[in-house]
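Shown next: entry33.pdb, containing PDB, C-alpha atoms.
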MODEL        1
ATOM      1  CA  MET G1345     -52.808 127.206 -97.287  1.00  0.00           C
ATOM      2  CA  ASP G1346     -50.430 126.313-100.103  1.00  0.00           C
ATOM      3  CA  PRO G1347     -47.079 125.590 -98.379  1.00  0.00           C
ATOM      4  CA  ALA G1348     -45.284 127.786-100.924  1.00  0.00           C
ATOM      5  CA  ALA G1349     -47.597 130.686-100.121  1.00  0.00           C
ATOM      6  CA  GLY G1350     -46.708 130.348 -96.455  1.00  0.00           C
ATOM      7  CA  TRP G1351     -42.992 130.363 -97.188  1.00  0.00           C
ATOM      8  CA  LEU G1352     -43.380 133.344 -99.535  1.00  0.00           C
ATOM      9  CA  ASP G1353     -45.363 135.303 -96.974  1.00  0.00           C
ATOM     10  CA  ALA G1354     -42.716 134.609 -94.337  1.00  0.00           C
ATOM     11  CA  MET G1355     -39.975 135.624 -96.772  1.00  0.00           C
ATOM     12  CA  VAL G1356     -41.683 138.935 -97.508  1.00  0.00           C
ATOM     13  CA  ARG G1357     -42.436 139.703 -93.855  1.00  0.00           C
ATOM     14  CA  THR G1358     -39.037 138.830 -92.410  1.00  0.00           C
ATOM     15  CA  GLN G1359     -36.645 139.727 -95.216  1.00  0.00           C
ATOM     16  CA  LEU G1360     -38.363 142.661 -96.926  1.00  0.00           C
ATOM     17  CA  ALA G1361     -41.177 144.390 -95.007  1.00  0.00           C
ATOM     18  CA  SER G1362     -39.174 144.273 -91.772  1.00  0.00           C
ATOM     19  CA  ARG G1363     -36.389 146.211 -93.493  1.00  0.00           C
ATOM     20  CA  ASP G1364     -36.797 149.146 -95.880  1.00  0.00           C
ATOM     21  CA  ILE G1365     -39.072 147.713 -98.583  1.00  0.00           C
ATOM     22  CA  ARG G1366     -42.204 149.853 -98.297  1.00  0.00           C
ATOM     23  CA  ASP G1367     -43.797 149.863-101.765  1.00  0.00           C
ATOM     24  CA  PRO G1368     -46.973 147.741-101.380  1.00  0.00           C
ATOM     25  CA  ARG G1369     -46.953 146.782-105.065  1.00  0.00           C
ATOM     26  CA  VAL G1370     -43.412 145.444-104.774  1.00  0.00           C
ATOM     27  CA  LEU G1371     -44.246 143.475-101.635  1.00  0.00           C
ATOM     28  CA  GLU G1372     -47.318 141.958-103.294  1.00  0.00           C
ATOM     29  CA  ALA G1373     -45.341 141.013-106.400  1.00  0.00           C
ATOM     30  CA  MET G1374     -42.722 139.317-104.248  1.00  0.00           C
ATOM     31  CA  ARG G1375     -45.516 137.299-102.604  1.00  0.00           C
ATOM     32  CA  ARG G1376     -46.994 136.295-105.951  1.00  0.00           C
ATOM     33  CA  VAL G1377     -43.820 135.112-107.690  1.00  0.00           C
ATOM     34  CA  ASP G1378     -42.595 131.795-106.291  1.00  0.00           C
ATOM     35  CA  ARG G1379     -38.795 131.989-106.252  1.00  0.00           C
ATOM     36  CA  ALA G1380     -38.656 128.184-106.100  1.00  0.00           C
ATOM     37  CA  ALA G1381     -39.910 128.038-109.701  1.00  0.00           C
ATOM     38  CA  PHE G1382     -36.728 129.790-110.870  1.00  0.00           C
ATOM     39  CA  VAL G1383     -33.987 127.824-109.087  1.00  0.00           C
ATOM     40  CA  PRO G1384     -32.475 124.447-110.044  1.00  0.00           C
ATOM     41  CA  ALA G1385     -33.948 121.354-108.424  1.00  0.00           C
ATOM     42  CA  ASP G1386     -30.977 120.887-106.108  1.00  0.00           C
ATOM     43  CA  GLN G1387     -31.392 124.446-104.777  1.00  0.00           C
ATOM     44  CA  LYS G1388     -35.142 124.459-104.120  1.00  0.00           C
ATOM     45  CA  ILE G1389     -34.625 123.726-100.429  1.00  0.00           C
ATOM     46  CA  HIS G1390     -32.903 127.130-100.227  1.00  0.00           C
ATOM     47  CA  ALA G1391     -35.363 129.008-102.450  1.00  0.00           C
ATOM     48  CA  TYR G1392     -36.799 131.255 -99.717  1.00  0.00           C
ATOM     49  CA  GLU G1393     -33.509 132.142 -98.065  1.00  0.00           C
ATOM     50  CA  ASP G1394     -32.183 135.681 -98.429  1.00  0.00           C
ATOM     51  CA  ARG G1395     -29.094 134.828-100.430  1.00  0.00           C
ATOM     52  CA  PRO G1396     -28.082 134.349-104.047  1.00  0.00           C
ATOM     53  CA  LEU G1397     -28.132 130.826-105.442  1.00  0.00           C
ATOM     54  CA  PRO G1398     -26.258 129.268-108.395  1.00  0.00           C
ATOM     55  CA  ILE G1399     -28.266 128.741-111.589  1.00  0.00           C
ATOM     56  CA  GLY G1400     -25.533 127.518-113.961  1.00  0.00           C
ATOM     57  CA  ALA G1401     -23.158 129.192-116.434  1.00  0.00           C
ATOM     58  CA  GLY G1402     -21.390 130.831-113.501  1.00  0.00           C
ATOM     59  CA  GLN G1403     -24.463 132.969-112.782  1.00  0.00           C
ATOM     60  CA  THR G1404     -26.751 133.364-109.779  1.00  0.00           C
ATOM     61  CA  ILE G1405     -30.327 134.251-108.900  1.00  0.00           C
ATOM     62  CA  SER G1406     -30.214 137.394-106.758  1.00  0.00           C
ATOM     63  CA  GLN G1407     -31.264 137.334-103.109  1.00  0.00           C
ATOM     64  CA  PRO G1408     -34.897 138.393-102.569  1.00  0.00           C
ATOM     65  CA  TYR G1409     -33.941 141.607-100.753  1.00  0.00           C
ATOM     66  CA  MET G1410     -31.749 142.778-103.639  1.00  0.00           C
ATOM     67  CA  VAL G1411     -34.508 142.040-106.171  1.00  0.00           C
ATOM     68  CA  ALA G1412     -36.972 143.986-104.028  1.00  0.00           C
ATOM     69  CA  ILE G1413     -34.822 147.044-103.371  1.00  0.00           C
ATOM     70  CA  MET G1414     -33.791 147.368-107.025  1.00  0.00           C
ATOM     71  CA  THR G1415     -37.404 147.019-108.132  1.00  0.00           C
ATOM     72  CA  GLN G1416     -38.603 149.534-105.547  1.00  0.00           C
ATOM     73  CA  SER G1417     -35.942 151.990-106.739  1.00  0.00           C
ATOM     74  CA  LEU G1418     -37.392 151.894-110.260  1.00  0.00           C
ATOM     75  CA  ASP G1419     -40.624 153.481-108.945  1.00  0.00           C
ATOM     76  CA  LEU G1420     -42.858 151.524-111.327  1.00  0.00           C
ATOM     77  CA  ARG G1421     -46.477 152.596-111.828  1.00  0.00           C
ATOM     78  CA  GLY G1422     -47.646 149.937-114.270  1.00  0.00           C
ATOM     79  CA  THR G1423     -47.353 151.744-117.601  1.00  0.00           C
ATOM     80  CA  GLU G1424     -43.614 151.520-118.205  1.00  0.00           C
ATOM     81  CA  ARG G1425     -41.510 149.822-120.841  1.00  0.00           C
ATOM     82  CA  VAL G1426     -38.576 148.256-118.979  1.00  0.00           C
ATOM     83  CA  LEU G1427     -35.233 147.050-120.307  1.00  0.00           C
ATOM     84  CA  GLU G1428     -33.647 144.330-118.156  1.00  0.00           C
ATOM     85  CA  ILE G1429     -29.964 143.508-118.627  1.00  0.00           C
ATOM     86  CA  GLY G1430     -29.162 140.012-117.357  1.00  0.00           C
ATOM     87  CA  THR G1431     -32.207 137.754-117.487  1.00  0.00           C
ATOM     88  CA  GLY G1432     -30.526 135.005-115.500  1.00  0.00           C
ATOM     89  CA  SER G1433     -33.189 132.689-114.086  1.00  0.00           C
ATOM     90  CA  GLY G1434     -36.067 135.008-115.030  1.00  0.00           C
ATOM     91  CA  TYR G1435     -37.044 135.701-111.399  1.00  0.00           C
ATOM     92  CA  GLN G1436     -36.433 139.448-111.569  1.00  0.00           C
ATOM     93  CA  THR G1437     -38.078 139.430-114.993  1.00  0.00           C
ATOM     94  CA  ALA G1438     -41.258 137.997-113.500  1.00  0.00           C
ATOM     95  CA  ILE G1439     -41.381 140.675-110.810  1.00  0.00           C
ATOM     96  CA  LEU G1440     -40.940 143.396-113.431  1.00  0.00           C
ATOM     97  CA  ALA G1441     -43.579 141.840-115.676  1.00  0.00           C
ATOM     98  CA  LEU G1442     -46.148 142.074-112.874  1.00  0.00           C
ATOM     99  CA  LEU G1443     -45.373 145.732-112.201  1.00  0.00           C
ATOM    100  CA  ALA G1444     -44.759 147.200-115.683  1.00  0.00           C
ATOM    101  CA  ALA G1445     -46.497 147.160-119.041  1.00  0.00           C
ATOM    102  CA  GLU G1446     -43.684 145.562-121.078  1.00  0.00           C
ATOM    103  CA  VAL G1447     -40.325 143.983-120.269  1.00  0.00           C
ATOM    104  CA  TYR G1448     -37.480 143.614-122.767  1.00  0.00           C
ATOM    105  CA  THR G1449     -34.888 141.247-121.303  1.00  0.00           C
ATOM    106  CA  ILE G1450     -31.385 140.435-122.567  1.00  0.00           C
ATOM    107  CA  GLU G1451     -29.077 137.622-121.460  1.00  0.00           C
ATOM    108  CA  VAL G1452     -25.615 136.863-122.835  1.00  0.00           C
ATOM    109  CA  HIS G1453     -25.911 133.130-122.039  1.00  0.00           C
ATOM    110  CA  ALA G1454     -28.278 131.616-124.605  1.00  0.00           C
ATOM    111  CA  THR G1455     -28.969 128.524-122.486  1.00  0.00           C
ATOM    112  CA  LEU G1456     -30.082 130.641-119.539  1.00  0.00           C
ATOM    113  CA  ILE G1457     -32.434 132.847-121.522  1.00  0.00           C
ATOM    114  CA  GLU G1458     -34.072 129.832-123.129  1.00  0.00           C
ATOM    115  CA  GLN G1459     -34.576 128.239-119.713  1.00  0.00           C
ATOM    116  CA  ALA G1460     -35.956 131.504-118.324  1.00  0.00           C
ATOM    117  CA  ARG G1461     -38.251 131.920-121.299  1.00  0.00           C
ATOM    118  CA  GLY G1462     -39.621 128.405-120.840  1.00  0.00           C
ATOM    119  CA  THR G1463     -40.294 129.041-117.160  1.00  0.00           C
ATOM    120  CA  LEU G1464     -41.917 132.427-117.715  1.00  0.00           C
ATOM    121  CA  GLU G1465     -44.111 131.227-120.573  1.00  0.00           C
ATOM    122  CA  ARG G1466     -45.165 128.176-118.573  1.00  0.00           C
ATOM    123  CA  LEU G1467     -46.194 130.506-115.741  1.00  0.00           C
ATOM    124  CA  GLY G1468     -48.263 132.632-118.114  1.00  0.00           C
ATOM    125  CA  TYR G1469     -46.202 135.800-118.559  1.00  0.00           C
ATOM    126  CA  THR G1470     -47.078 137.312-121.934  1.00  0.00           C
ATOM    127  CA  ASN G1471     -45.623 140.844-121.735  1.00  0.00           C
ATOM    128  CA  VAL G1472     -41.945 139.846-121.970  1.00  0.00           C
ATOM    129  CA  ARG G1473     -39.677 139.943-125.027  1.00  0.00           C
ATOM    130  CA  TYR G1474     -36.383 138.070-125.051  1.00  0.00           C
ATOM    131  CA  ARG G1475     -32.962 138.510-126.639  1.00  0.00           C
ATOM    132  CA  ALA G1476     -29.724 136.541-126.360  1.00  0.00           C
ATOM    133  CA  GLY G1477     -26.782 138.884-126.720  1.00  0.00           C
ATOM    134  CA  ASN G1478     -24.436 141.477-125.289  1.00  0.00           C
ATOM    135  CA  GLY G1479     -26.345 143.469-122.715  1.00  0.00           C
ATOM    136  CA  ARG G1480     -23.851 146.317-122.870  1.00  0.00           C
ATOM    137  CA  ALA G1481     -25.388 147.281-126.215  1.00  0.00           C
ATOM    138  CA  GLY G1482     -28.902 147.469-124.801  1.00  0.00           C
ATOM    139  CA  TRP G1483     -31.783 147.097-127.269  1.00  0.00           C
ATOM    140  CA  PRO G1484     -31.483 150.216-129.442  1.00  0.00           C
ATOM    141  CA  GLU G1485     -34.277 149.461-131.906  1.00  0.00           C
ATOM    142  CA  GLU G1486     -36.805 149.361-129.057  1.00  0.00           C
ATOM    143  CA  ALA G1487     -35.523 152.454-127.244  1.00  0.00           C
ATOM    144  CA  PRO G1488     -36.313 154.656-125.464  1.00  0.00           C
ATOM    145  CA  PHE G1489     -37.151 152.804-122.272  1.00  0.00           C
ATOM    146  CA  ASP G1490     -38.894 154.300-119.262  1.00  0.00           C
ATOM    147  CA  ARG G1491     -36.819 152.149-116.931  1.00  0.00           C
ATOM    148  CA  ILE G1492     -33.581 150.139-117.214  1.00  0.00           C
ATOM    149  CA  LEU G1493     -32.388 147.571-114.661  1.00  0.00           C
ATOM    150  CA  CYS G1494     -29.163 145.582-114.764  1.00  0.00           C
ATOM    151  CA  ALA G1495     -28.405 142.550-112.584  1.00  0.00           C
ATOM    152  CA  ALA G1496     -24.641 142.437-113.220  1.00  0.00           C
ATOM    153  CA  ALA G1497     -21.907 144.863-112.203  1.00  0.00           C
ATOM    154  CA  ALA G1498     -19.778 147.014-114.497  1.00  0.00           C
ATOM    155  CA  GLU G1499     -17.077 149.442-113.442  1.00  0.00           C
ATOM    156  CA  GLU G1500     -19.235 152.212-114.874  1.00  0.00           C
ATOM    157  CA  VAL G1501     -22.640 152.529-116.539  1.00  0.00           C
ATOM    158  CA  PRO G1502     -22.333 151.710-120.270  1.00  0.00           C
ATOM    159  CA  GLN G1503     -23.074 154.722-122.455  1.00  0.00           C
ATOM    160  CA  PRO G1504     -25.625 152.898-124.679  1.00  0.00           C
ATOM    161  CA  TRP G1505     -27.928 152.495-121.666  1.00  0.00           C
ATOM    162  CA  LEU G1506     -27.924 156.224-121.007  1.00  0.00           C
ATOM    163  CA  GLU G1507     -28.616 156.866-124.687  1.00  0.00           C
ATOM    164  CA  GLN G1508     -31.581 154.451-124.571  1.00  0.00           C
ATOM    165  CA  LEU G1509     -33.058 155.787-121.335  1.00  0.00           C
ATOM    166  CA  GLY G1510     -36.183 157.884-121.800  1.00  0.00           C
ATOM    167  CA  ASP G1511     -36.616 161.391-120.454  1.00  0.00           C
ATOM    168  CA  PRO G1512     -37.930 161.173-117.811  1.00  0.00           C
ATOM    169  CA  GLY G1513     -36.515 157.780-116.965  1.00  0.00           C
ATOM    170  CA  VAL G1514     -34.778 155.763-114.253  1.00  0.00           C
ATOM    171  CA  LEU G1515     -31.839 153.353-114.478  1.00  0.00           C
ATOM    172  CA  VAL G1516     -30.765 151.092-111.586  1.00  0.00           C
ATOM    173  CA  THR G1517     -27.569 149.030-111.706  1.00  0.00           C
ATOM    174  CA  PRO G1518     -24.698 147.818-109.531  1.00  0.00           C
ATOM    175  CA  VAL G1519     -21.387 149.539-110.270  1.00  0.00           C
ATOM    176  CA  GLY G1520     -17.861 148.626-109.244  1.00  0.00           C
ATOM    177  CA  GLY G1521     -15.538 145.623-109.296  1.00  0.00           C
ATOM    178  CA  TRP G1522     -14.745 142.783-106.930  1.00  0.00           C
ATOM    179  CA  GLY G1523     -13.138 145.276-104.567  1.00  0.00           C
ATOM    180  CA  GLY G1524     -16.529 146.788-103.861  1.00  0.00           C
ATOM    181  CA  GLN G1525     -19.872 147.388-105.541  1.00  0.00           C
ATOM    182  CA  ILE G1526     -22.804 149.637-104.838  1.00  0.00           C
ATOM    183  CA  LEU G1527     -26.237 150.127-106.363  1.00  0.00           C
ATOM    184  CA  ALA G1528     -26.587 153.287-108.402  1.00  0.00           C
ATOM    185  CA  ARG G1529     -29.850 154.996-109.372  1.00  0.00           C
ATOM    186  CA  LEU G1530     -29.673 157.380-112.303  1.00  0.00           C
ATOM    187  CA  GLU G1531     -32.680 159.561-113.051  1.00  0.00           C
ATOM    188  CA  MET G1532     -32.935 161.334-116.396  1.00  0.00           C
ATOM    189  CA  ARG G1533     -34.999 164.508-116.314  1.00  0.00           C
ATOM    190  CA  GLY G1534     -34.861 167.466-118.673  1.00  0.00           C
ATOM    191  CA  GLY G1535     -31.726 166.147-120.321  1.00  0.00           C
ATOM    192  CA  GLU G1536     -29.841 166.036-117.014  1.00  0.00           C
ATOM    193  CA  VAL G1537     -28.852 162.911-115.076  1.00  0.00           C
ATOM    194  CA  ASP G1538     -29.090 162.847-111.284  1.00  0.00           C
ATOM    195  CA  ARG G1539     -27.131 159.959-109.741  1.00  0.00           C
ATOM    196  CA  ILE G1540     -27.277 158.540-106.231  1.00  0.00           C
ATOM    197  CA  GLU G1541     -25.503 155.483-104.784  1.00  0.00           C
ATOM    198  CA  PHE G1542     -27.390 153.789-102.001  1.00  0.00           C
ATOM    199  CA  CYS G1543     -26.728 150.125-101.163  1.00  0.00           C
ATOM    200  CA  PRO G1544     -23.557 147.994-100.998  1.00  0.00           C
ATOM    201  CA  CYS G1545     -23.965 144.790-103.010  1.00  0.00           C
ATOM    202  CA  ARG G1546     -22.174 141.929-104.713  1.00  0.00           C
ATOM    203  CA  PHE G1547     -23.155 140.891-108.244  1.00  0.00           C
ATOM    204  CA  VAL G1548     -21.508 138.787-110.931  1.00  0.00           C
ATOM    205  CA  PRO G1549     -19.587 140.955-113.420  1.00  0.00           C
ATOM    206  CA  LEU G1550     -21.259 142.216-116.558  1.00  0.00           C
ATOM    207  CA  VAL G1551     -20.113 139.947-119.393  1.00  0.00           C
ATOM    208  CA  GLY G1552     -19.139 141.166-122.844  1.00  0.00           C
ATOM    209  CA  GLY G1553     -16.801 143.770-124.228  1.00  0.00           C
ATOM    210  CA  ASP G1554     -17.571 147.377-124.924  1.00  0.00           C
ATOM    211  CA  ALA G1555     -20.636 147.777-127.129  1.00  0.00           C
TER     212      ALA G1555
ENDMDL
END
Encoded form (C-alpha cells):
Amino acid sequence: MDPAAGWLDAMVRTQLASRDIRDPRVLEAMRRVDRAAFVPADQKIHAYEDRPLPIGAGQTISQPYMVAIMTQSLDLRGTERVLEIGTGSGYQTAILALLAAEVYTIEVHATLIEQARGTLERLGYTNVRYRAGNGRAGWPEEAPFDRILCAAAAEEVPQPWLEQLGDPGVLVTPVGGWGGQILARLEMRGGEVDRIEFCPCRFVPLVGGDA
C-alpha cells in the first residue's frame, strides 16, 4: 500500500468517520486528496494531523475535520457550480472539485492562489477557475452559484454573497470575531433564507474592506 494512502485512510477513520461525518462521497473525497500535497515542505510531517497548519501570508490550511464538515454541509450532488472564498492552499478547492461540476475560487493573496493553481493543475484538476481579489465581492459575472463556501471569518455574511447565491442554494461560512466564531449554513429557498449555526470554529479573518 502507498504509505500516503494508509495515512489518509487512518485520518478519515479516526478524525472524520468516527465523529459526525457521514456522507460517503465526502469521506471518499477526503481519502483521495492527499493533504500533504498542499502544505509547505516543513509541515508535511504534520499533514495528517487534525489541526490547521501555516501556509504563508499569515494564512492556514484548515484542519481535515473542518474541511469535511463544511463540505458535508453543502450537500453536494455533483452537478453544482460552487463559489469558494479563500483558496488558501487549494486543499478545500480540490475536495470541492471532486464533488461538484465547477469550482470558482477567489483568494486575496496573489502568491497563494498562484501556488494553489500550480498544485491543482499538476494534480490534474480541470474544473476550477481562479481569481485573485477581494472575496467579499464574490464573482458577480459568474453568478448565480448553487453553493458558496468561505474559509475565513467575517462578523456577518457579506451581502454580495447572498445576492449571488442561487435559489435554491446553500452558503456555508464561519461568522464572528476573535471572541468567538461559529459555522453558519444559510439555505436560500423560494426567496427566503433559513439560517442555522452549528459548529464552533476558529478561522483567520476575512481580508478586504466592504465590497
Taking a cut-off of 12 Å and counting all atoms listed in the file, can you build a table that, for each residue of segment 1384-1491 of chain G near segment 1517-1525 of chain G, reports the nearest atom pair and how far apart they are in Å (one decimal), sorted by chain then residue number, as CSV?
residue,atom,partner,partner_atom,distance
G:Met1410,CA,G:Pro1518,CA,10.5
G:Val1411,CA,G:Thr1517,CA,11.3
G:Ile1413,CA,G:Thr1517,CA,11.2
G:Met1414,CA,G:Thr1517,CA,8.0
G:Thr1415,CA,G:Thr1517,CA,10.7
G:Ser1417,CA,G:Thr1517,CA,10.2
G:Leu1418,CA,G:Thr1517,CA,10.3
G:Leu1427,CA,G:Thr1517,CA,11.7
G:Glu1428,CA,G:Thr1517,CA,10.0
G:Ile1429,CA,G:Thr1517,CA,9.2
G:Gly1430,CA,G:Thr1517,CA,10.8
G:Arg1491,CA,G:Thr1517,CA,11.1
Selected residues, C-alpha atoms, written as an mmCIF file, in the frame of the given file, please.
data_model
loop_
_atom_site.group_PDB
_atom_site.id
_atom_site.type_symbol
_atom_site.label_atom_id
_atom_site.label_comp_id
_atom_site.auth_asym_id
_atom_site.auth_seq_id
_atom_site.Cartn_x
_atom_site.Cartn_y
_atom_site.Cartn_z
ATOM 1 C CA MET G 1410 -31.749 142.778 -103.639
ATOM 2 C CA VAL G 1411 -34.508 142.040 -106.171
ATOM 3 C CA ILE G 1413 -34.822 147.044 -103.371
ATOM 4 C CA MET G 1414 -33.791 147.368 -107.025
ATOM 5 C CA THR G 1415 -37.404 147.019 -108.132
ATOM 6 C CA SER G 1417 -35.942 151.990 -106.739
ATOM 7 C CA LEU G 1418 -37.392 151.894 -110.260
ATOM 8 C CA LEU G 1427 -35.233 147.050 -120.307
ATOM 9 C CA GLU G 1428 -33.647 144.330 -118.156
ATOM 10 C CA ILE G 1429 -29.964 143.508 -118.627
ATOM 11 C CA GLY G 1430 -29.162 140.012 -117.357
ATOM 12 C CA ARG G 1491 -36.819 152.149 -116.931
#
Apply the PyMOL selection byres ((chain G and resi 1444) around 8) to the file shown and report the selected residues as number ranges by chain.
G: 1420-1426, 1440-1443, 1445-1447
Considering all atoms listed in the file, tabulate each residue of segment 1460-1515 of chain G that lies at most 8 Å from segment 1529-1545 of chain G along with its nearest interatomic pair and the corresponding distance in Å to one decimal; arrange the rows by chain and ascending residue number and present them as CSV.
residue,atom,partner,partner_atom,distance
G:Leu1509,CA,G:Met1532,CA,7.4
G:Gly1510,CA,G:Met1532,CA,7.2
G:Asp1511,CA,G:Arg1533,CA,5.4
G:Pro1512,CA,G:Arg1533,CA,4.7
G:Gly1513,CA,G:Met1532,CA,5.1
G:Val1514,CA,G:Glu1531,CA,4.5
G:Leu1515,CA,G:Leu1530,CA,5.1
Assuming the chain letters and numbering stay as they are in my file, what does the PyMOL selection byres ((chain G and resi 1349) around 12) actually select? List them as an MDAnalysis selection string.
chainID G and resid 1345:1348 1350:1356 1372 1374:1380 1392
Enter the distance from atom CA of Val1548 of chain G to atom CA of Arg1366 of chain G, in Å, rounded to one decimal.
26.7 Å
Where does the PyMOL selection byres ((chain G and resi 1504) around 10) land in this file, that is, which residues does it pick, as an mmCIF file with C-alpha atoms, keeping the file's coordinate frame?
data_model
loop_
_atom_site.group_PDB
_atom_site.id
_atom_site.type_symbol
_atom_site.label_atom_id
_atom_site.label_comp_id
_atom_site.auth_asym_id
_atom_site.auth_seq_id
_atom_site.Cartn_x
_atom_site.Cartn_y
_atom_site.Cartn_z
ATOM 1 C CA GLY G 1479 -26.345 143.469 -122.715
ATOM 2 C CA ARG G 1480 -23.851 146.317 -122.870
ATOM 3 C CA ALA G 1481 -25.388 147.281 -126.215
ATOM 4 C CA GLY G 1482 -28.902 147.469 -124.801
ATOM 5 C CA TRP G 1483 -31.783 147.097 -127.269
ATOM 6 C CA PRO G 1484 -31.483 150.216 -129.442
ATOM 7 C CA VAL G 1501 -22.640 152.529 -116.539
ATOM 8 C CA PRO G 1502 -22.333 151.710 -120.270
ATOM 9 C CA GLN G 1503 -23.074 154.722 -122.455
ATOM 10 C CA TRP G 1505 -27.928 152.495 -121.666
ATOM 11 C CA LEU G 1506 -27.924 156.224 -121.007
ATOM 12 C CA GLU G 1507 -28.616 156.866 -124.687
ATOM 13 C CA GLN G 1508 -31.581 154.451 -124.571
ATOM 14 C CA LEU G 1509 -33.058 155.787 -121.335
ATOM 15 C CA ASP G 1554 -17.571 147.377 -124.924
ATOM 16 C CA ALA G 1555 -20.636 147.777 -127.129
#
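In this model, the gap between atom CA of Gly1462 of chain G and atom CA of Pro1488 of chain G comes to 26.9 Å.
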Which protein, DNA or RNA residues are at most 9 Å from (-29.2, 136.4, -102.3) in the file's coordinates when you count only C-alpha atoms, listed as a VMD selection string?
chain G and resid 1393 to 1397 1404 to 1411
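Note that the spacing between atom CA of Ala1373 of chain G and atom CA of Ala1460 of chain G amounts to 17.9 Å.
Proximity ranking of G:Ile1389, G:Ala1487, G:Ile1365, G:Leu1464 relative to Gly1434 of chain G places G:Leu1464 first, based on all atoms listed in the file.
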Once 3 Å is added on each side, what centre and edge lengths in Å to one decimal does the axis-aligned box around all listed atoms of segment 1384-1389 of chain G have, as AutoDock Vina command-line options?
--center_x -33.1 --center_y 122.7 --center_z -105.2 --size_x 10.2 --size_y 9.6 --size_z 15.6
